[in-house]
Each structure stands twice: as structure tokens, then as C-alpha cells.
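Asker: Got a structure for you, input.cif, holding mmCIF, C-alpha atoms.
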```
data_work
loop_
_atom_site.label_atom_id
_atom_site.label_comp_id
_atom_site.auth_asym_id
_atom_site.auth_seq_id
_atom_site.Cartn_x
_atom_site.Cartn_y
_atom_site.Cartn_z
CA MET A 1 59.33 101.45 182.83
CA ASN A 2 60.76 99.30 185.59
CA ALA A 3 63.30 97.35 183.50
CA PRO A 4 64.50 94.91 186.19
CA PHE A 5 60.89 94.02 187.06
CA GLU A 6 59.88 93.50 183.41
CA TYR A 7 63.08 91.56 182.80
CA LEU A 8 62.42 89.23 185.74
CA LEU A 9 58.85 88.63 184.56
CA ARG A 10 60.23 87.35 181.25
CA LEU A 11 62.62 84.99 183.05
CA GLY A 12 60.00 83.81 185.53
CA ASP A 13 57.18 83.43 183.01
CA ASP A 14 59.32 81.38 180.60
CA ARG A 15 59.93 78.93 183.40
CA ILE A 16 56.50 78.70 184.97
CA ILE A 17 54.75 78.25 181.64
CA LEU A 18 57.12 75.58 180.37
CA GLY A 19 57.10 73.97 183.82
CA HIS A 20 53.33 73.73 183.64
CA ARG A 21 53.42 72.31 180.12
CA LEU A 22 55.88 69.64 181.25
CA SER A 23 53.77 68.81 184.28
CA GLU A 24 51.00 67.79 181.87
CA TRP A 25 53.08 64.69 181.14
CA CYS A 26 52.83 63.51 184.73
CA GLY A 27 51.28 60.05 184.54
CA HIS A 28 51.31 60.08 180.72
CA ALA A 29 54.96 59.79 179.68
CA PRO A 30 56.03 56.84 177.49
CA ILE A 31 57.73 55.01 180.36
CA LEU A 32 57.80 55.39 184.12
CA GLU A 33 61.43 56.51 184.22
CA GLU A 34 60.77 59.30 181.72
CA ASP A 35 57.61 60.29 183.56
CA ILE A 36 59.72 60.95 186.64
CA ALA A 37 62.43 62.69 184.60
CA LEU A 38 59.95 65.12 183.02
CA ALA A 39 58.31 65.80 186.37
CA ASN A 40 61.76 66.52 187.85
CA ILE A 41 62.53 68.99 185.10
CA ALA A 42 59.11 70.61 185.54
CA LEU A 43 59.78 70.99 189.26
CA ASP A 44 63.20 72.53 188.59
CA LEU A 45 61.55 75.11 186.32
CA ILE A 46 58.68 75.88 188.70
CA GLY A 47 61.15 76.22 191.58
CA GLN A 48 63.19 78.72 189.60
CA ALA A 49 60.04 80.58 188.58
CA SER A 50 58.99 80.84 192.20
CA LEU A 51 62.31 82.50 193.13
CA LEU A 52 62.36 84.78 190.07
CA LEU A 53 58.76 85.96 190.43
CA GLY A 54 59.28 86.43 194.15
CA LEU A 55 62.25 88.67 193.41
CA ALA A 56 60.22 90.48 190.73
CA GLY A 57 57.47 91.22 193.25
CA LYS A 58 60.00 92.54 195.73
CA ILE A 59 61.56 94.82 193.13
CA GLU A 60 58.16 96.02 191.93
CA GLY A 61 57.29 97.07 195.48
CA GLN A 62 53.52 96.93 195.02
CA GLY A 63 52.94 94.18 197.54
CA ARG A 64 52.64 91.37 195.00
CA ASP A 65 54.49 88.16 195.86
CA GLY A 66 55.48 85.31 193.55
CA ASP A 67 52.10 83.61 193.93
CA ALA A 68 50.20 86.79 193.06
CA LEU A 69 52.30 87.21 189.93
CA ALA A 70 51.92 83.57 188.90
CA TYR A 71 48.24 83.09 189.65
CA LEU A 72 46.53 86.46 189.47
CA ARG A 73 47.72 87.87 186.14
CA ASP A 74 45.83 87.42 182.88
CA ALA A 75 47.34 86.19 179.62
CA VAL A 76 48.12 89.68 178.26
CA GLU A 77 50.24 90.35 181.35
CA PHE A 78 52.42 87.28 180.82
CA ARG A 79 55.84 87.81 179.23
CA ASN A 80 56.94 84.28 178.28
CA ALA A 81 58.17 83.47 174.79
CA LEU A 82 55.50 81.87 172.56
CA LEU A 83 57.59 78.70 172.15
CA LEU A 84 56.94 77.78 175.77
CA GLU A 85 53.15 78.05 175.77
CA LEU A 86 52.53 75.84 172.72
CA PRO A 87 50.69 72.60 173.56
CA LYS A 88 52.90 69.76 174.72
CA GLY A 89 52.21 67.85 171.50
CA ASP A 90 53.68 64.39 171.19
CA PHE A 91 56.84 63.29 172.97
CA ALA A 92 59.01 64.54 170.09
CA VAL A 93 57.56 68.06 170.33
CA THR A 94 58.14 68.11 174.07
CA ILE A 95 61.72 66.90 173.75
CA VAL A 96 62.71 69.16 170.84
CA ARG A 97 61.25 72.19 172.61
CA GLN A 98 63.08 71.17 175.77
CA LEU A 99 66.36 71.08 173.88
CA PHE A 100 65.73 74.49 172.29
CA PHE A 101 64.82 76.10 175.60
CA SER A 102 67.36 74.34 177.83
CA VAL A 103 70.33 75.34 175.67
CA PHE A 104 69.08 78.95 175.66
CA ALA A 105 68.35 78.96 179.39
CA LEU A 106 71.74 77.47 180.26
CA LEU A 107 73.59 80.19 178.34
CA GLN A 108 71.36 82.81 179.92
CA ALA A 109 71.88 81.47 183.44
CA GLU A 110 75.66 81.26 182.96
CA ALA A 111 75.65 84.95 182.01
CA LEU A 112 73.31 85.87 184.87
CA GLU A 113 75.69 84.38 187.42
CA ARG A 114 77.55 87.66 186.91
CA SER A 115 74.47 89.82 187.53
CA SER A 116 74.97 92.96 189.61
CA ASP A 117 72.03 91.76 191.69
CA GLN A 118 73.27 89.28 194.29
CA GLU A 119 69.93 87.50 194.57
CA LEU A 120 69.54 87.05 190.82
CA ALA A 121 73.15 85.86 190.57
CA GLY A 122 72.43 83.30 193.28
CA ILE A 123 69.28 82.03 191.56
CA ALA A 124 71.25 81.75 188.31
CA ALA A 125 74.07 79.79 189.94
CA LYS A 126 71.58 77.19 191.16
CA ALA A 127 69.82 77.13 187.80
CA VAL A 128 73.03 76.49 185.84
CA LYS A 129 73.38 73.05 187.43
CA GLU A 130 69.78 72.21 186.69
CA PHE A 131 69.94 73.37 183.07
CA ARG A 132 73.15 71.41 182.43
CA TYR A 133 71.17 68.30 183.24
CA HIS A 134 68.16 69.40 181.16
CA VAL A 135 70.42 69.94 178.14
CA ARG A 136 72.05 66.56 178.62
CA HIS A 137 68.71 64.80 178.98
CA SER A 138 66.95 66.46 176.04
CA ALA A 139 69.96 66.27 173.70
CA ASP A 140 70.30 62.57 174.45
CA TRP A 141 66.64 62.04 173.58
CA VAL A 142 66.84 64.09 170.38
CA LEU A 143 69.72 61.87 169.25
CA LYS A 144 67.70 58.76 170.06
CA LEU A 145 64.54 59.97 168.29
CA GLY A 146 66.50 61.16 165.26
CA GLY A 147 68.50 57.96 165.06
CA GLY A 148 65.64 55.65 165.99
CA THR A 149 62.87 54.25 163.82
CA THR A 150 61.33 55.89 160.76
CA GLU A 151 58.39 56.86 162.95
CA SER A 152 60.55 58.55 165.58
CA GLN A 153 62.62 60.31 162.89
CA ASN A 154 59.48 61.63 161.20
CA ARG A 155 58.03 62.88 164.43
CA ALA A 156 61.27 64.52 165.54
CA GLN A 157 61.66 66.21 162.16
CA ARG A 158 58.06 67.41 162.25
CA ALA A 159 58.67 68.85 165.72
CA VAL A 160 61.77 70.72 164.51
CA ASP A 161 59.83 71.99 161.48
CA ASP A 162 56.92 73.20 163.63
CA LEU A 163 58.94 74.74 166.45
CA TRP A 164 61.84 76.36 164.62
CA ARG A 165 59.86 79.50 163.75
CA TYR A 166 59.35 80.14 167.47
CA THR A 167 63.05 80.11 168.35
CA GLY A 168 63.87 83.57 167.00
CA GLU A 169 61.87 85.28 169.72
CA LEU A 170 64.21 83.97 172.41
CA PHE A 171 66.97 86.23 171.11
CA LEU A 172 64.99 89.40 170.36
CA ALA A 173 66.23 92.28 172.47
CA ASP A 174 64.11 95.34 173.16
CA ASP A 175 64.46 98.35 175.47
CA VAL A 176 63.77 96.22 178.54
CA ASP A 177 66.59 93.80 177.73
CA ARG A 178 69.00 96.52 176.74
CA ALA A 179 68.31 98.56 179.88
CA ALA A 180 68.65 95.48 182.09
CA ALA A 181 71.90 94.53 180.34
CA ALA A 182 73.32 98.07 180.46
CA SER A 183 72.85 98.27 184.22
CA GLY A 184 74.56 94.91 184.73
CA PHE A 185 71.34 93.41 186.10
CA GLY A 186 70.49 91.20 183.12
CA VAL A 187 71.90 89.88 179.88
CA ASP A 188 71.02 90.95 176.33
CA PRO A 189 69.49 87.79 174.80
CA SER A 190 70.76 88.61 171.32
CA THR A 191 74.30 87.97 172.58
CA LEU A 192 73.39 84.32 173.24
CA GLU A 193 72.21 83.43 169.75
CA ASN A 194 75.50 82.35 168.17
CA ALA A 195 76.41 79.96 170.97
CA TRP A 196 72.84 78.59 171.01
CA SER A 197 72.81 78.08 167.28
CA GLU A 198 76.14 76.27 167.35
CA THR A 199 75.05 73.80 170.05
CA VAL A 200 71.55 73.16 168.68
CA ARG A 201 72.71 72.76 165.08
CA ASP A 202 75.37 70.32 166.22
CA VAL A 203 72.82 68.15 168.08
CA LEU A 204 70.31 68.26 165.21
CA ALA A 205 73.01 67.39 162.67
CA ARG A 206 74.16 64.41 164.73
CA ALA A 207 70.51 63.32 165.03
CA GLY A 208 70.13 63.47 161.25
CA LEU A 209 67.52 66.23 161.53
CA THR A 210 67.40 69.24 159.24
CA ILE A 211 66.54 72.83 160.02
CA PRO A 212 63.61 74.13 157.97
CA ASP A 213 63.86 77.16 155.76
CA VAL A 214 61.83 79.67 157.75
CA SER A 215 61.53 83.22 156.47
CA TYR A 216 59.49 84.63 159.36
CA MET A 217 60.00 84.14 163.08
CA GLN A 218 56.96 84.31 165.36
CA ARG A 219 57.05 86.91 168.11
CA GLY A 220 54.80 88.71 170.57
CA GLY A 221 55.08 86.91 173.91
CA ARG A 222 57.49 89.40 175.46
CA THR A 223 54.91 92.17 175.03
CA GLY A 224 51.87 90.13 176.00
CA ARG A 225 50.60 89.15 172.54
CA HIS A 226 50.12 85.43 172.98
CA THR A 227 48.71 82.47 171.10
CA GLU A 228 45.26 81.16 171.96
CA HIS A 229 46.94 78.36 173.90
CA LEU A 230 48.13 80.48 176.83
CA GLY A 231 44.61 81.35 177.99
CA HIS A 232 43.66 77.69 178.22
CA LEU A 233 46.87 76.88 180.06
CA LEU A 234 46.30 79.67 182.59
CA GLY A 235 42.69 78.58 183.05
CA GLU A 236 43.95 75.28 184.37
CA MET A 237 47.02 76.60 186.16
CA GLN A 238 45.22 79.39 188.01
CA ILE A 239 41.80 77.93 188.77
CA LEU A 240 42.62 76.74 192.28
CA ALA A 241 44.30 79.95 193.41
CA ARG A 242 41.52 82.07 191.90
CA SER A 243 38.67 79.93 193.26
CA HIS A 244 40.10 79.94 196.77
CA PRO A 245 41.86 83.27 197.25
CA GLY A 246 44.55 83.14 199.89
CA ALA A 247 44.25 79.38 200.38
CA SER A 248 47.39 77.58 201.52
CA TRP A 249 48.25 73.91 201.38
CA MET B 1 62.87 47.96 147.84
CA THR B 2 61.49 44.49 148.40
CA THR B 3 64.51 43.53 150.47
CA MET B 4 64.25 46.63 152.62
CA ALA B 5 60.57 46.09 153.25
CA ASN B 6 61.24 42.50 154.24
CA ASP B 7 64.01 43.55 156.57
CA SER B 8 61.88 46.03 158.42
CA THR B 9 58.99 43.60 158.62
CA THR B 10 61.26 40.99 160.15
CA ARG B 11 62.67 43.45 162.65
CA ASP B 12 59.27 44.73 163.69
CA ALA B 13 58.00 41.17 164.05
CA ASP B 14 60.99 40.31 166.24
CA ALA B 15 60.41 43.33 168.39
CA VAL B 16 56.94 42.22 169.47
CA THR B 17 57.35 38.45 169.60
CA THR B 18 56.82 38.30 173.34
CA PRO B 19 55.67 40.87 175.85
CA SER B 20 59.06 40.91 177.54
CA ASP B 21 60.69 41.91 174.25
CA THR B 22 58.82 45.19 174.29
CA GLN B 23 60.57 46.20 177.50
CA TRP B 24 63.86 48.01 177.36
CA PRO B 25 66.80 46.23 178.99
CA LEU B 26 66.92 46.23 182.76
CA TRP B 27 69.77 47.85 184.69
CA GLU B 28 70.66 47.55 188.37
CA VAL B 29 71.40 50.81 190.14
CA PHE B 30 73.97 51.31 192.90
CA VAL B 31 74.10 54.63 194.70
CA GLN B 32 76.93 55.82 196.93
CA PRO B 33 75.60 57.83 199.86
CA PRO B 34 77.46 60.96 200.97
CA GLY B 35 80.25 60.34 203.47
CA GLY B 36 82.30 57.73 201.66
CA ALA B 37 80.22 54.61 202.42
CA PRO B 38 80.27 51.98 199.68
CA HIS B 39 77.74 51.96 196.82
CA GLU B 40 74.50 50.27 197.78
CA HIS B 41 71.93 48.61 195.59
CA ALA B 42 69.06 51.06 195.18
CA GLY B 43 66.83 49.32 192.66
CA SER B 44 66.53 48.94 188.92
CA VAL B 45 65.51 50.93 185.85
CA HIS B 46 64.74 50.23 182.23
CA ALA B 47 66.90 51.99 179.63
CA VAL B 48 68.13 51.48 176.08
CA ASP B 49 71.76 52.32 176.80
CA ALA B 50 74.18 53.14 179.60
CA GLU B 51 73.78 56.93 179.38
CA SER B 52 69.99 56.67 179.60
CA ALA B 53 70.29 54.18 182.44
CA LEU B 54 72.50 56.63 184.33
CA GLN B 55 70.06 59.49 183.77
CA ASN B 56 67.05 57.37 184.71
CA ALA B 57 68.84 56.16 187.82
CA ARG B 58 69.57 59.73 188.78
CA ASP B 59 65.95 60.75 188.27
CA VAL B 60 64.44 57.77 190.06
CA TYR B 61 66.88 57.15 192.92
CA ALA B 62 69.02 60.23 193.52
CA ARG B 63 66.90 63.32 193.10
CA ARG B 64 66.64 64.10 196.80
CA GLY B 65 70.32 64.27 197.60
CA GLU B 66 70.69 60.56 198.30
CA GLY B 67 73.99 60.10 196.55
CA VAL B 68 77.33 61.37 195.36
CA SER B 69 77.99 58.66 192.77
CA ILE B 70 75.92 56.20 190.75
CA TRP B 71 76.82 52.90 189.12
CA VAL B 72 74.54 51.16 186.64
CA VAL B 73 75.10 47.67 185.33
CA ARG B 74 73.01 45.50 183.04
CA SER B 75 70.99 43.13 185.18
CA ILE B 76 71.96 40.18 182.98
CA ALA B 77 75.61 40.81 183.86
CA ILE B 78 74.93 39.88 187.47
CA THR B 79 75.30 36.25 188.52
CA ALA B 80 73.27 35.58 191.62
CA SER B 81 73.00 32.69 194.04
CA THR B 82 69.67 30.90 194.07
CA PRO B 83 67.43 29.85 196.99
CA ASP B 84 68.76 26.29 196.43
CA ASP B 85 72.21 27.56 197.33
CA MET B 86 71.03 28.67 200.77
CA GLY B 87 72.07 25.50 202.59
CA PRO B 88 75.46 24.78 201.03
CA PHE B 89 76.44 28.45 200.89
CA PHE B 90 75.41 29.80 204.23
CA ASP B 91 74.57 27.12 206.78
CA PRO B 92 78.15 25.88 207.35
CA GLY B 93 79.02 29.24 208.80
CA ASN B 94 76.39 29.12 211.52
CA ASP B 95 78.18 26.77 213.95
CA LYS B 96 81.69 28.08 213.56
CA PRO B 97 81.91 31.09 215.81
CA TYR B 98 85.73 30.89 215.68
CA ARG B 99 85.50 32.36 212.18
CA HIS B 100 84.52 35.61 213.81
CA PRO B 101 87.44 37.61 215.14
CA GLN B 102 85.80 38.11 218.49
CA PHE B 103 88.26 36.25 220.71
CA TYR B 104 90.90 38.91 220.66
CA LYS B 105 91.33 41.51 223.30
CA VAL B 106 91.05 44.90 221.82
CA PRO B 107 94.22 46.86 222.60
CA ARG B 108 93.79 49.97 224.63
CA GLY B 109 93.48 53.07 222.54
CA ILE B 110 91.63 51.36 219.70
CA ARG B 111 88.13 52.65 219.17
CA MET B 112 85.50 50.18 218.15
#
```
Render the structure in this file as C-alpha cells.

Answerer:
Amino acid sequence: MNAPFEYLLRLGDDRIILGHRLSEWCGHAPILEEDIALANIALDLIGQASLLLGLAGKIEGQGRDGDALAYLRDAVEFRNALLLELPKGDFAVTIVRQLFFSVFALLQAEALERSSDQELAGIAAKAVKEFRYHVRHSADWVLKLGGGTTESQNRAQRAVDDLWRYTGELFLADDVDRAAAASGFGVDPSTLENAWSETVRDVLARAGLTIPDVSYMQRGGRTGRHTEHLGHLLGEMQILARSHPGASW
Amino acid sequence: MTTMANDSTTRDADAVTTPSDTQWPLWEVFVQPPGGAPHEHAGSVHAVDAESALQNARDVYARRGEGVSIWVVRSIAITASTPDDMGPFFDPGNDKPYRHPQFYKVPRGIRM
């Protein structure tokens, strides 16, 4: 097992899959300003994914670059958390997911700034600034939806109810995470859960939203067991690169 | 119950009385470019409050490194001159070149 490579795939895949989901809003967001905001966030995530997958390919040493990893792997080879591949849903689903992921990703990036790998530490340092903004933007929207009309409250609550069971997977640590953390390369995600929970619960409480009683957390993405949704997403994301191998634009 | 229902009906009715009422308030955006130059008007955004206006302004006008500081102000807070003011406001200045400090010799050593 090449722990740093597997670890980087998880980081990169989280970002490229969510980035793609967000890009689906382009031209469809509720207002023009938010359309641009979501596209900006999507571009931040795709930019990070490009760096992380590029580094993963270099560490793997099999001649695959970031594009090959992004566009030429099948669903079972992807390592993103299930939360990030779920359909974009309505605006509330998108925003609640964005809050859940951004708070997690910010904590993760802050820890990765101290990575023993200079390149990963550098990518993390850039990402911290981006995630601070993503947290601010999504938290602000969650407060507005929760404190808005009955309709927006209902939708935000439904989004929290539907997505909560996918949050546990973010903090599951297996041998890959533990090996990456032990060598100083990565961070054990289970160490981020308390801080995440504190921030997210605080935002939800201020928004008047409640956390559902969930007895089972969904899992599987980190080992390639995905929902049916990922295949459809990849079909769209990869069609150009697979139809025109080696094309550049 | 009846009162609550009436209240929400009234509010919803108010919210869609005219097309312009469905728009969020307008804010003017001023961005300060790097290098200490003053804030310049960049454009406007719609937003429900100041924090959203600031974020929208950042996303629309400052995502390519254009600025180091942003101001947003509600458009209705700005009092502007009108086209009718053109004559009285600006014409009297046209024939009074002595209002420009261009008759002084610039001392040596001063860079213009």
C-alpha cells in the first residue's frame, strides 16, 4: 500500500467531485451574484484537486498526471466521501453540504500546513484561505435559510436531515489515514471531529435547525464503494477527455 | 391561528406587489486597488444585508486580485446630481482657468 498516494487521492477526489457538483449550478443559481459565488467556490476546489492529484501522480510514479487520475479512473477507483457525490439537490442541500464540507476541509487544511511534505504543506496553505471564505459564505447562507421563510426553514431542515448521515464518513480513519498521519505526511481525520462538531452545531443552532437522530452513518467512498450517483457524474465529467484522448484546450 | 395566517398573507402580498419589490436591495461597490490608490466605484450588486453585499462584491468584482479593500453602501444612501444640474454645477468652471493652480513656477527639486 502506498499510503501517501491513497491519502492524496482521498483529498483530491473530495475536491474534484464536489467542485463538479457545484459547477452544475453555473447558470442556474437563484441570483446572478450567487451563481458567480458558487462558480468561484467550484473553481477553488477544482484548482486544489488539480494540484493534489498532480502530486499524487508524481508520488505514485507510474506516469499518471493529474488529468489521467481525474479523467481516466472509473467510479470504483474514486476515493471521495459519499457526501460529496450526492446530487446537488435544491439550493438548501447545496448550501448545507457546503457548510459541512468546508468546515471539515478548513480544519484538515490547517493541519496539513504542517505536513512533512513541502508541496502538500504549500497546497494546504493556499487552501486555508479559500476554505475560510467558503465557511463564511455557506454559514451565512445557512443562517439566512434557517431564519428566513417557512419554506426556506423547511428546506434547510430537510437538507440537514438528509445529509447528516453522510457526515460520519469524513472522520473515519483507516490504515491509510493512520499511516499517513504517523509519517507526518497527513492528518488523522478522526482528530478533526470535535472541532467540526462544535462549529457546525453552533451554526445550526443559531439557524434554528436541529440535528436528526441518526443511528447509522453511511460509509464506503474511501474504499471505492459509491452510490449510483457517482457513475452518472463521472459520465458527464469525463466524456470529453475520454472521447478525445490527449486533447488540449 | 387566524391572525397568523392573515399576517403571512399580508406579508407575502406585499412582497410581490411590484416587480421591483422582488429584487433584493441594491448596493454600490467601491474597490481599492493595490498600491494605496483611493477606492473606486466598481459597480453594484443585489444583497439582503451588508455581509452578503460584501461577499457578493468580492465574488463579482474582486476575484482576480483587483483589490485590497472593499466598501459597500446601499444605493439609496447615495445622493447624486442629475443631468439638469449639468449647467449650474459644471459650466461656470469652464472659463475660469485661474482656478487651476497652473500659474506657479514649480520649484526646482519638486517632481511632478

Asker: So that I can check the surroundings of region 108-121 of chain A, please list as a list of chain:residue names every protein, DNA and RNA residue that reaches within 8 Å of it, counting only C-alpha atoms and ignoring chain neighbours fewer than 4 positions away.

Answerer: A:Leu52, A:Leu55, A:Phe104, A:Ala125, A:Ala127, A:Val128, A:Ser183, A:Gly184, A:Phe185, A:Gly186, A:Val187, A:Pro189, A:Leu192

Asker: Select, as a VMD selection string, those residues of chain B with any atom no more than 7 Å from chain A (distances computed using only C-alpha atoms).

Answerer: chain B and resid 56 59 to 60

Asker: With all atoms listed in the file counted, which protein, DNA or RNA residues have an atom no more than 10 Å from (73.9, 63.5, 197.0) in the file frame? Please answer as a PDB file with C-alpha atoms, in the frame of the given file.

Answerer:
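Done, and the output landed in point37.pdb:
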```
ATOM      1  CA  VAL B  31      74.100  54.630 194.700  1.00  0.00           C
ATOM      2  CA  GLN B  32      76.930  55.820 196.930  1.00  0.00           C
ATOM      3  CA  PRO B  33      75.600  57.830 199.860  1.00  0.00           C
ATOM      4  CA  PRO B  34      77.460  60.960 200.970  1.00  0.00           C
ATOM      5  CA  GLY B  35      80.250  60.340 203.470  1.00  0.00           C
ATOM      6  CA  ALA B  62      69.020  60.230 193.520  1.00  0.00           C
ATOM      7  CA  ARG B  63      66.900  63.320 193.100  1.00  0.00           C
ATOM      8  CA  ARG B  64      66.640  64.100 196.800  1.00  0.00           C
ATOM      9  CA  GLY B  65      70.320  64.270 197.600  1.00  0.00           C
ATOM     10  CA  GLU B  66      70.690  60.560 198.300  1.00  0.00           C
ATOM     11  CA  GLY B  67      73.990  60.100 196.550  1.00  0.00           C
ATOM     12  CA  VAL B  68      77.330  61.370 195.360  1.00  0.00           C
ATOM     13  CA  SER B  69      77.990  58.660 192.770  1.00  0.00           C
ATOM     14  CA  ILE B  70      75.920  56.200 190.750  1.00  0.00           C
TER      15      ILE B  70
END
```

Asker: Using Å and a single decimal, report how far CA of Ala81 (chain A) sits from CA of Gly221 (chain A).

Answerer: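 Separation of CA of Gly221 (chain A) and CA of Ala81 (chain A): 4.7 Å.
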
Asker: Please write as a PyMOL selection string the full residue list that the PyMOL selection byres ((chain A and resi 56) around 9) yields on this file.

Answerer: chain A and resi 4-9+12+51-55+57-61+64-66+69

Asker: Report, as JSON, the axis-aligned box around all atoms of region 65-82 of chain B present in the file, extended by 3 Å on each side; give centre and edge lengths in Å to one decimal place.

Answerer:
```
{"center_x": 73.8, "center_y": 47.6, "center_z": 190.6, "size_x": 14.3, "size_y": 39.4, "size_z": 21.3}
```

Asker: Any chance you could work out the residue set of the PyMOL selection byres ((chain A and resi 234) around 10) here, as a list in words?

Answerer: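 That selection, the PyMOL selection byres ((chain A and resi 234) around 10), comes back as Ile17, His20, Ala70, Tyr71, Leu72, Arg73, Asp74, Ala75, Phe78, Glu85, His229, Leu230, Gly231, His232, Leu233, Gly235, Glu236, Met237, Gln238 and Ile239 of chain A.
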
Asker: Mind giving me the straight-line distance from CA of Leu43 (chain A) to CA of Arg97 (chain A) in Å, one decimal?

Answerer: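 Pair CA of Leu43 (chain A) / CA of Arg97 (chain A) returns 16.8 Å.
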
Asker: For CA of Leu11 (chain A) and CA of Tyr166 (chain A), determine how far apart the two atoms are, in Å to one decimal place.

Answerer: 16.6 Å

Asker: Which residues come within 10 Å of Arg132 (chain A), counting all atoms listed in the file, excluding same-chain residues fewer than 5 positions away, as an MDAnalysis selection string?

Answerer: chainID A and resid 102:103 105:107 127 137

Asker: Let me make sure I understand: among A:Val93, A:Arg165, A:Ala42, A:Asp175, which one has the smallest atom-to-atom distance to Leu145 (chain A) if we use all atoms listed in the file?

Answerer: A:Val93

Asker: Give me, as a PyMOL selection string, all polymer residues having an atom no more than 8 Å from His41 (chain B), counting all atoms listed in the file and skipping those fewer than 6 positions away in the same chain.

Answerer: chain B and resi 28-31

Asker: Return as a ChimeraX atom specification the set of residues that the PyMOL selection byres ((chain A and resi 143) around 12) yields on the displayed structure.

Answerer: /A:92,95-96,99,136-142,144-149,152-153,156-157,200,202-209 /B:51-52

Asker: Find, counting only C-alpha atoms, the residue in A:Pro245, A:Gly47, A:Gly168, A:Gly224 that gets nearest to Glu130 (chain A).

Answerer: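 Checking each of A:Pro245, A:Gly47, A:Gly168, A:Gly224 against Glu130 (chain A), counting only C-alpha atoms, the winner is A:Gly47.
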